[in-house]
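Chemist: Here it is, the structure, as structure tokens.
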Amino acid sequence: MSVEQIKIPDIGDFDAVEVIEVLVSEGDSVEVDDSLLTLESDKATMEIPSPFKGTVTKISVSVGEKVSEGTYVLDIEVAAGAAAPAPAKEEKAAPAEPKPAPAAEAPKAAAAPQATPAAPAPASAASKPVNQQAMGAAFHASPSVRAFARKLGVDLTSVSGSGPKGRIQQTDVEAAIKAVMSGQAAAPGQAATGGAGIPPIPGVDFSQFGETTTEELGRIKKISGKFLHASWLNVPHVTQFDECDITEMDQFRKDQKAAAEKQGIKLTPLVFVMKAVVKALQDFPSFNASLSEDGQSIIYKQYYNIGIAVDTPNGLVVPVVKDVDKKGVYELSKDLMEISAKARDGKLGPKDMSGGSFTISSLGGIGGTQFTPIVNAPEVAIMGLSKAKMQPVWNGKEFAPRLIMPFSVSYDHRAIDGAEGVRFTTAVGHYLSDLRQLIL
Ligand code: CAO
């Protein structure tokens, strides 16, 4: 038995480098090349391997200390006959230190410390992992943590680090795995990823700034909040803004209003929009679709069930008007009145709210110029309607008063390209500007 004093070997041009991890404890058995410490400079992290097989008997360094080549860090008790390393460069630098005991066998040279960049070097867009491209993410993690993560298949770009300067520790990787196992986060490669790695918004005691009252969110808000959050995190949203001339359409609606009222029906622009949307969905099937769970296929729907966002005193609900393609505006108005009354009375059943293929959120009765609705996933697109206003529009000779309605369509960019997005809104506008197109 002999006790070997382990010193920092040649670490290149680095000097006074911080110890960020002590990877062994007193009493641990180590093999040759097992990592003992992790050092981190502002340029790289590196692990110091054990030059001996034996037992760690004393640790003389702790996290945060600065070390350089030749700094004594720990003792290893080496069993008699165990291989000893060849004299390494650090021994030349510190000749006063005891040399390794001569061994019978030819010694194995101590492995050089492995340096890895402290943060991934900027790679070409094509070679970066997809999530790194999207987030522009970089992470700090020691080689041992990287190896640990690799072994368990954890993508470190999705793990938030709790160490100094956001450095990812082994415990962070473990916590990320626990979150996946407990269902709080999606596993790597799952279609619906989210949760892990998203830094929480810190809690604030607002009462320090003034008086506050706290009210629990209603049941509907709690439920819809989860869906909205999931969509916001999982769906790469693009919102296309547009506007259309609904002067003729609105005149027609007004002309029909009295007749409709006699049947107890209130005709609003929304039902005309529903018809125009369905026609555009038939032209552009990828808007009336969903992505498969693995994100590898698109499922086109040959039914046209339009979800309508309804504002209720308890929160937002989205009942579905079925078979919009098969109904006229009167029947649609009846359906709309029925479901919105049911929604406001809290009487919607699961059947009323399922089976939608596209959603419309109309704020046109309230105001606003434009907004960005959140896709009602797993649908891939949603329309937002804003308030129509009379505006002067140049007709080639003069400005004429026209009723212009702003609207937007948010869509899942994985399923729909930008060019398709604007072709779709153009088509909707085209149908609404000239309702005759709907019967062609
Ligand atoms: N431009 C101008 N006027 C409009 C309009 C538009 N885009 N849309 C509706 N209007 C008018 C209607 O014609 C009606 O006027 P009249 O009484 O003079 O005819 C008035 O605004 C009110 O319409 P409405 O809102 O009662 O009816 P609707 O069919 O347009 O909408 C419903 C029905 C259920 C969608 C609506 O009541 C509602 O709840 N909207 C809010 C949806 C919501 O909260 N979305 C946000 C989701 S994201 O948080």
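We label chains A, B, ... in the order they appear in the structure tokens, count residues from 1 in each chain, and number ligands from 1 in the order shown.
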Just want the 6 Å neighbourhood of region 8-23 of chain A, counted on only C-alpha atoms, with same-chain residues fewer than 3 positions away dropped. Output as a PyMOL selection string.
Modeler: chain A and resi 36-41+63-71+90
Chemist: Could you please take those selected residues and save N, CA and C atoms as a PDB file, in the first residue's frame?
Modeler:
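Done, and the output landed in part_17.pdb:
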```pdb
ATOM      1  N   LEU A  36     -11.918  12.732 -11.431  1.00  0.00           N
ATOM      2  CA  LEU A  36     -11.826  13.123 -10.020  1.00  0.00           C
ATOM      3  C   LEU A  36     -12.431  14.507  -9.788  1.00  0.00           C
ATOM      4  N   LEU A  37     -12.098  15.427 -10.688  1.00  0.00           N
ATOM      5  CA  LEU A  37     -12.531  16.822 -10.538  1.00  0.00           C
ATOM      6  C   LEU A  37     -12.957  17.356 -11.897  1.00  0.00           C
ATOM      7  N   THR A  38     -13.802  18.376 -11.883  1.00  0.00           N
ATOM      8  CA  THR A  38     -14.069  19.122 -13.112  1.00  0.00           C
ATOM      9  C   THR A  38     -13.612  20.552 -12.892  1.00  0.00           C
ATOM     10  N   LEU A  39     -12.863  21.047 -13.845  1.00  0.00           N
ATOM     11  CA  LEU A  39     -12.390  22.429 -13.795  1.00  0.00           C
ATOM     12  C   LEU A  39     -13.078  23.196 -14.911  1.00  0.00           C
ATOM     13  N   GLU A  40     -13.284  24.473 -14.667  1.00  0.00           N
ATOM     14  CA  GLU A  40     -13.865  25.262 -15.750  1.00  0.00           C
ATOM     15  C   GLU A  40     -13.190  26.619 -15.824  1.00  0.00           C
ATOM     16  N   SER A  41     -12.678  26.900 -16.994  1.00  0.00           N
ATOM     17  CA  SER A  41     -12.168  28.254 -17.258  1.00  0.00           C
ATOM     18  C   SER A  41     -13.255  28.961 -18.052  1.00  0.00           C
ATOM     19  N   VAL A  63     -15.046  22.894  -4.189  1.00  0.00           N
ATOM     20  CA  VAL A  63     -15.660  23.629  -5.297  1.00  0.00           C
ATOM     21  C   VAL A  63     -15.444  25.129  -5.089  1.00  0.00           C
ATOM     22  N   GLY A  64     -15.055  25.796  -6.164  1.00  0.00           N
ATOM     23  CA  GLY A  64     -14.859  27.245  -6.086  1.00  0.00           C
ATOM     24  C   GLY A  64     -13.392  27.629  -5.965  1.00  0.00           C
ATOM     25  N   GLU A  65     -12.563  26.664  -5.499  1.00  0.00           N
ATOM     26  CA  GLU A  65     -11.123  26.988  -5.385  1.00  0.00           C
ATOM     27  C   GLU A  65     -10.492  27.060  -6.757  1.00  0.00           C
ATOM     28  N   LYS A  66      -9.428  27.827  -6.859  1.00  0.00           N
ATOM     29  CA  LYS A  66      -8.704  27.946  -8.132  1.00  0.00           C
ATOM     30  C   LYS A  66      -7.477  27.050  -8.075  1.00  0.00           C
ATOM     31  N   VAL A  67      -7.232  26.312  -9.119  1.00  0.00           N
ATOM     32  CA  VAL A  67      -6.075  25.419  -9.162  1.00  0.00           C
ATOM     33  C   VAL A  67      -5.287  25.653 -10.449  1.00  0.00           C
ATOM     34  N   SER A  68      -4.019  25.259 -10.398  1.00  0.00           N
ATOM     35  CA  SER A  68      -3.150  25.362 -11.584  1.00  0.00           C
ATOM     36  C   SER A  68      -2.362  24.063 -11.674  1.00  0.00           C
ATOM     37  N   GLU A  69      -1.594  23.935 -12.724  1.00  0.00           N
ATOM     38  CA  GLU A  69      -0.755  22.752 -12.878  1.00  0.00           C
ATOM     39  C   GLU A  69       0.114  22.584 -11.632  1.00  0.00           C
ATOM     40  N   GLY A  70       0.097  21.381 -11.052  1.00  0.00           N
ATOM     41  CA  GLY A  70       0.931  21.100  -9.879  1.00  0.00           C
ATOM     42  C   GLY A  70       0.225  21.288  -8.558  1.00  0.00           C
ATOM     43  N   THR A  71      -0.979  21.864  -8.538  1.00  0.00           N
ATOM     44  CA  THR A  71      -1.702  22.038  -7.261  1.00  0.00           C
ATOM     45  C   THR A  71      -2.094  20.661  -6.718  1.00  0.00           C
ATOM     46  N   GLU A  90       3.544  17.130 -14.710  1.00  0.00           N
ATOM     47  CA  GLU A  90       3.401  17.921 -13.489  1.00  0.00           C
ATOM     48  C   GLU A  90       4.440  17.539 -12.455  1.00  0.00           C
TER      49      GLU A  90
END
```
Chemist: Could you pull the residues within 9 Å of Ser29 (chain A), counting only C-alpha atoms, minus those fewer than 4 positions along the same chain, as a VMD selection string?
Modeler: chain A and resid 24 53 to 56 76
Chemist: Closest to ligand 1 among A:Ala276, A:Ile6, A:Cys244, A:Val30, using only C-alpha atoms and all ligand atoms?
Modeler: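 Going through A:Ala276, A:Ile6, A:Cys244, A:Val30 one by one, the smallest distance to ligand 1 is for A:Cys244.
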Chemist: List all protein, DNA and RNA residues that have at least one atom no more than 8 Å from any atom of ligand 1, counting only C-alpha atoms and all ligand atoms, and write them as an MDAnalysis selection string.
Modeler: chainID A and resid 266:271 308:312 316 333 336:337 340 361:367 373:374 384:389 405:406
Chemist: For the selection you just gave me, I'd like the residues written to a file as a short mmCIF file (atom, residue, chain, number, x, y, z; two decimals), in the first residue's frame, keeping C-alpha atoms.
Modeler:
```cif
data_model
loop_
_atom_site.label_atom_id
_atom_site.label_comp_id
_atom_site.auth_asym_id
_atom_site.auth_seq_id
_atom_site.Cartn_x
_atom_site.Cartn_y
_atom_site.Cartn_z
CA LYS A 266 -80.47 37.08 -35.43
CA LEU A 267 -78.25 37.28 -38.50
CA THR A 268 -74.74 38.49 -37.70
CA PRO A 269 -71.68 38.61 -39.98
CA LEU A 270 -70.31 35.52 -38.26
CA VAL A 271 -72.46 33.01 -40.12
CA ILE A 308 -66.83 29.08 -32.12
CA ALA A 309 -65.12 30.74 -29.18
CA VAL A 310 -67.83 32.00 -26.85
CA ASP A 311 -67.24 34.48 -24.09
CA THR A 312 -69.15 33.47 -20.93
CA LEU A 316 -63.98 31.03 -22.67
CA SER A 333 -77.62 31.27 -37.04
CA LEU A 336 -75.05 29.58 -33.15
CA MET A 337 -77.77 31.10 -30.97
CA SER A 340 -73.98 30.35 -27.30
CA SER A 361 -62.89 33.54 -32.45
CA SER A 362 -65.02 36.60 -33.13
CA LEU A 363 -64.38 39.78 -31.22
CA GLY A 364 -66.08 41.81 -33.95
CA GLY A 365 -69.10 42.57 -31.78
CA ILE A 366 -66.82 44.16 -29.19
CA GLY A 367 -64.08 46.08 -31.01
CA PRO A 373 -55.64 33.96 -31.64
CA ILE A 374 -54.03 30.80 -30.23
CA GLY A 384 -59.77 35.86 -35.36
CA LEU A 385 -62.42 38.36 -36.45
CA SER A 386 -62.24 42.02 -35.50
CA LYS A 387 -64.70 44.86 -35.84
CA ALA A 388 -65.62 46.01 -39.36
CA LYS A 389 -65.43 49.78 -39.95
CA MET A 405 -63.37 43.90 -41.74
CA PRO A 406 -59.94 43.08 -40.31
#
```
Chemist: Enumerate the residues of region 219-316 of chain A with a DSSP assignment of strand (DSSP E), computed from the backbone, and present them as a list of chain:residue names.
Modeler: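 The residues of region 219-316 of chain A classed as strand (DSSP E) are A:His237, A:Val238, A:Thr239, A:Gln240, A:Phe241, A:Asp242, A:Glu243, A:Cys244, A:Asp245, A:Ala289, A:Ser290, A:Leu291, A:Ile298, A:Ile299, A:Tyr300, A:Ile306, A:Gly307, A:Ile308, A:Ala309, A:Val310, A:Asp311, A:Thr312, A:Gly315, A:Leu316.
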Chemist: Got time to write the residues from that selection, C-alpha atoms, as a PDB file, in the first residue's frame?
Modeler:
```
ATOM      1  CA  HIS A 237     -47.549  29.819 -34.407  1.00  0.00           C
ATOM      2  CA  VAL A 238     -47.619  32.232 -37.310  1.00  0.00           C
ATOM      3  CA  THR A 239     -50.377  34.832 -37.492  1.00  0.00           C
ATOM      4  CA  GLN A 240     -51.365  36.218 -40.876  1.00  0.00           C
ATOM      5  CA  PHE A 241     -53.260  39.515 -40.759  1.00  0.00           C
ATOM      6  CA  ASP A 242     -55.655  40.532 -43.504  1.00  0.00           C
ATOM      7  CA  GLU A 243     -58.800  42.549 -44.160  1.00  0.00           C
ATOM      8  CA  CYS A 244     -61.713  42.270 -46.537  1.00  0.00           C
ATOM      9  CA  ASP A 245     -64.448  44.400 -47.990  1.00  0.00           C
ATOM     10  CA  ALA A 289     -56.394  19.001 -40.642  1.00  0.00           C
ATOM     11  CA  SER A 290     -54.378  17.792 -37.671  1.00  0.00           C
ATOM     12  CA  LEU A 291     -50.844  16.492 -37.347  1.00  0.00           C
ATOM     13  CA  ILE A 298     -51.047  15.153 -41.634  1.00  0.00           C
ATOM     14  CA  ILE A 299     -54.633  13.966 -41.197  1.00  0.00           C
ATOM     15  CA  TYR A 300     -57.080  15.727 -43.516  1.00  0.00           C
ATOM     16  CA  ILE A 306     -66.414  24.873 -36.868  1.00  0.00           C
ATOM     17  CA  GLY A 307     -65.625  25.640 -33.238  1.00  0.00           C
ATOM     18  CA  ILE A 308     -66.829  29.082 -32.121  1.00  0.00           C
ATOM     19  CA  ALA A 309     -65.116  30.737 -29.179  1.00  0.00           C
ATOM     20  CA  VAL A 310     -67.833  31.996 -26.851  1.00  0.00           C
ATOM     21  CA  ASP A 311     -67.243  34.484 -24.089  1.00  0.00           C
ATOM     22  CA  THR A 312     -69.154  33.465 -20.934  1.00  0.00           C
ATOM     23  CA  GLY A 315     -64.609  32.005 -19.089  1.00  0.00           C
ATOM     24  CA  LEU A 316     -63.981  31.027 -22.668  1.00  0.00           C
TER      25      LEU A 316
END
```
Chemist: Counting only C-alpha atoms, which residue out of A:Val61, A:Ala419, A:Ala381, A:Val3 sits closest to Ser286 (chain A)?
Modeler: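 Checking each of A:Val61, A:Ala419, A:Ala381, A:Val3 against Ser286 (chain A), counting only C-alpha atoms, the winner is A:Ala381.
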Chemist: With only C-alpha atoms as the counted atoms, please give the residues lying no more than 8 Å from Leu156 (chain A), apart from itself and same-chain residues fewer than 3 positions off, as a VMD selection string.
Modeler: chain A and resid 139 146 149 159 173
Chemist: Residues of the last selection are to be written out with N, CA, C and O atoms, as a PDB file, in the first residue's frame.
Modeler:
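Written file, out-v5.pdb:
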```pdb
ATOM      1  N   PHE A 139     -25.530  25.736 -23.416  1.00  0.00           N
ATOM      2  CA  PHE A 139     -25.599  25.321 -22.030  1.00  0.00           C
ATOM      3  C   PHE A 139     -24.192  25.074 -21.506  1.00  0.00           C
ATOM      4  O   PHE A 139     -23.268  24.799 -22.264  1.00  0.00           O
ATOM      5  N   ARG A 146     -22.399  15.796 -19.112  1.00  0.00           N
ATOM      6  CA  ARG A 146     -22.748  15.511 -20.513  1.00  0.00           C
ATOM      7  C   ARG A 146     -22.792  14.007 -20.749  1.00  0.00           C
ATOM      8  O   ARG A 146     -23.701  13.490 -21.399  1.00  0.00           O
ATOM      9  N   ALA A 149     -25.864  12.563 -19.113  1.00  0.00           N
ATOM     10  CA  ALA A 149     -27.063  12.874 -19.900  1.00  0.00           C
ATOM     11  C   ALA A 149     -27.118  12.015 -21.158  1.00  0.00           C
ATOM     12  O   ALA A 149     -28.164  11.494 -21.525  1.00  0.00           O
ATOM     13  N   VAL A 159     -32.669  21.230 -20.633  1.00  0.00           N
ATOM     14  CA  VAL A 159     -32.556  21.150 -19.162  1.00  0.00           C
ATOM     15  C   VAL A 159     -32.060  22.501 -18.647  1.00  0.00           C
ATOM     16  O   VAL A 159     -31.109  23.065 -19.188  1.00  0.00           O
ATOM     17  N   VAL A 173     -30.181  17.098 -14.340  1.00  0.00           N
ATOM     18  CA  VAL A 173     -30.526  16.048 -15.313  1.00  0.00           C
ATOM     19  C   VAL A 173     -31.480  15.054 -14.643  1.00  0.00           C
ATOM     20  O   VAL A 173     -32.493  14.649 -15.213  1.00  0.00           O
TER      21      VAL A 173
END
```
Chemist: Taking into account only C-alpha atoms, which residue in the set A:Lys342, A:Arg414, A:Lys322, A:Lys279 is nearest to Leu435 (chain A)?
Modeler: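 Looking at the shortest contact to Leu435 (chain A), the residue is A:Lys279.
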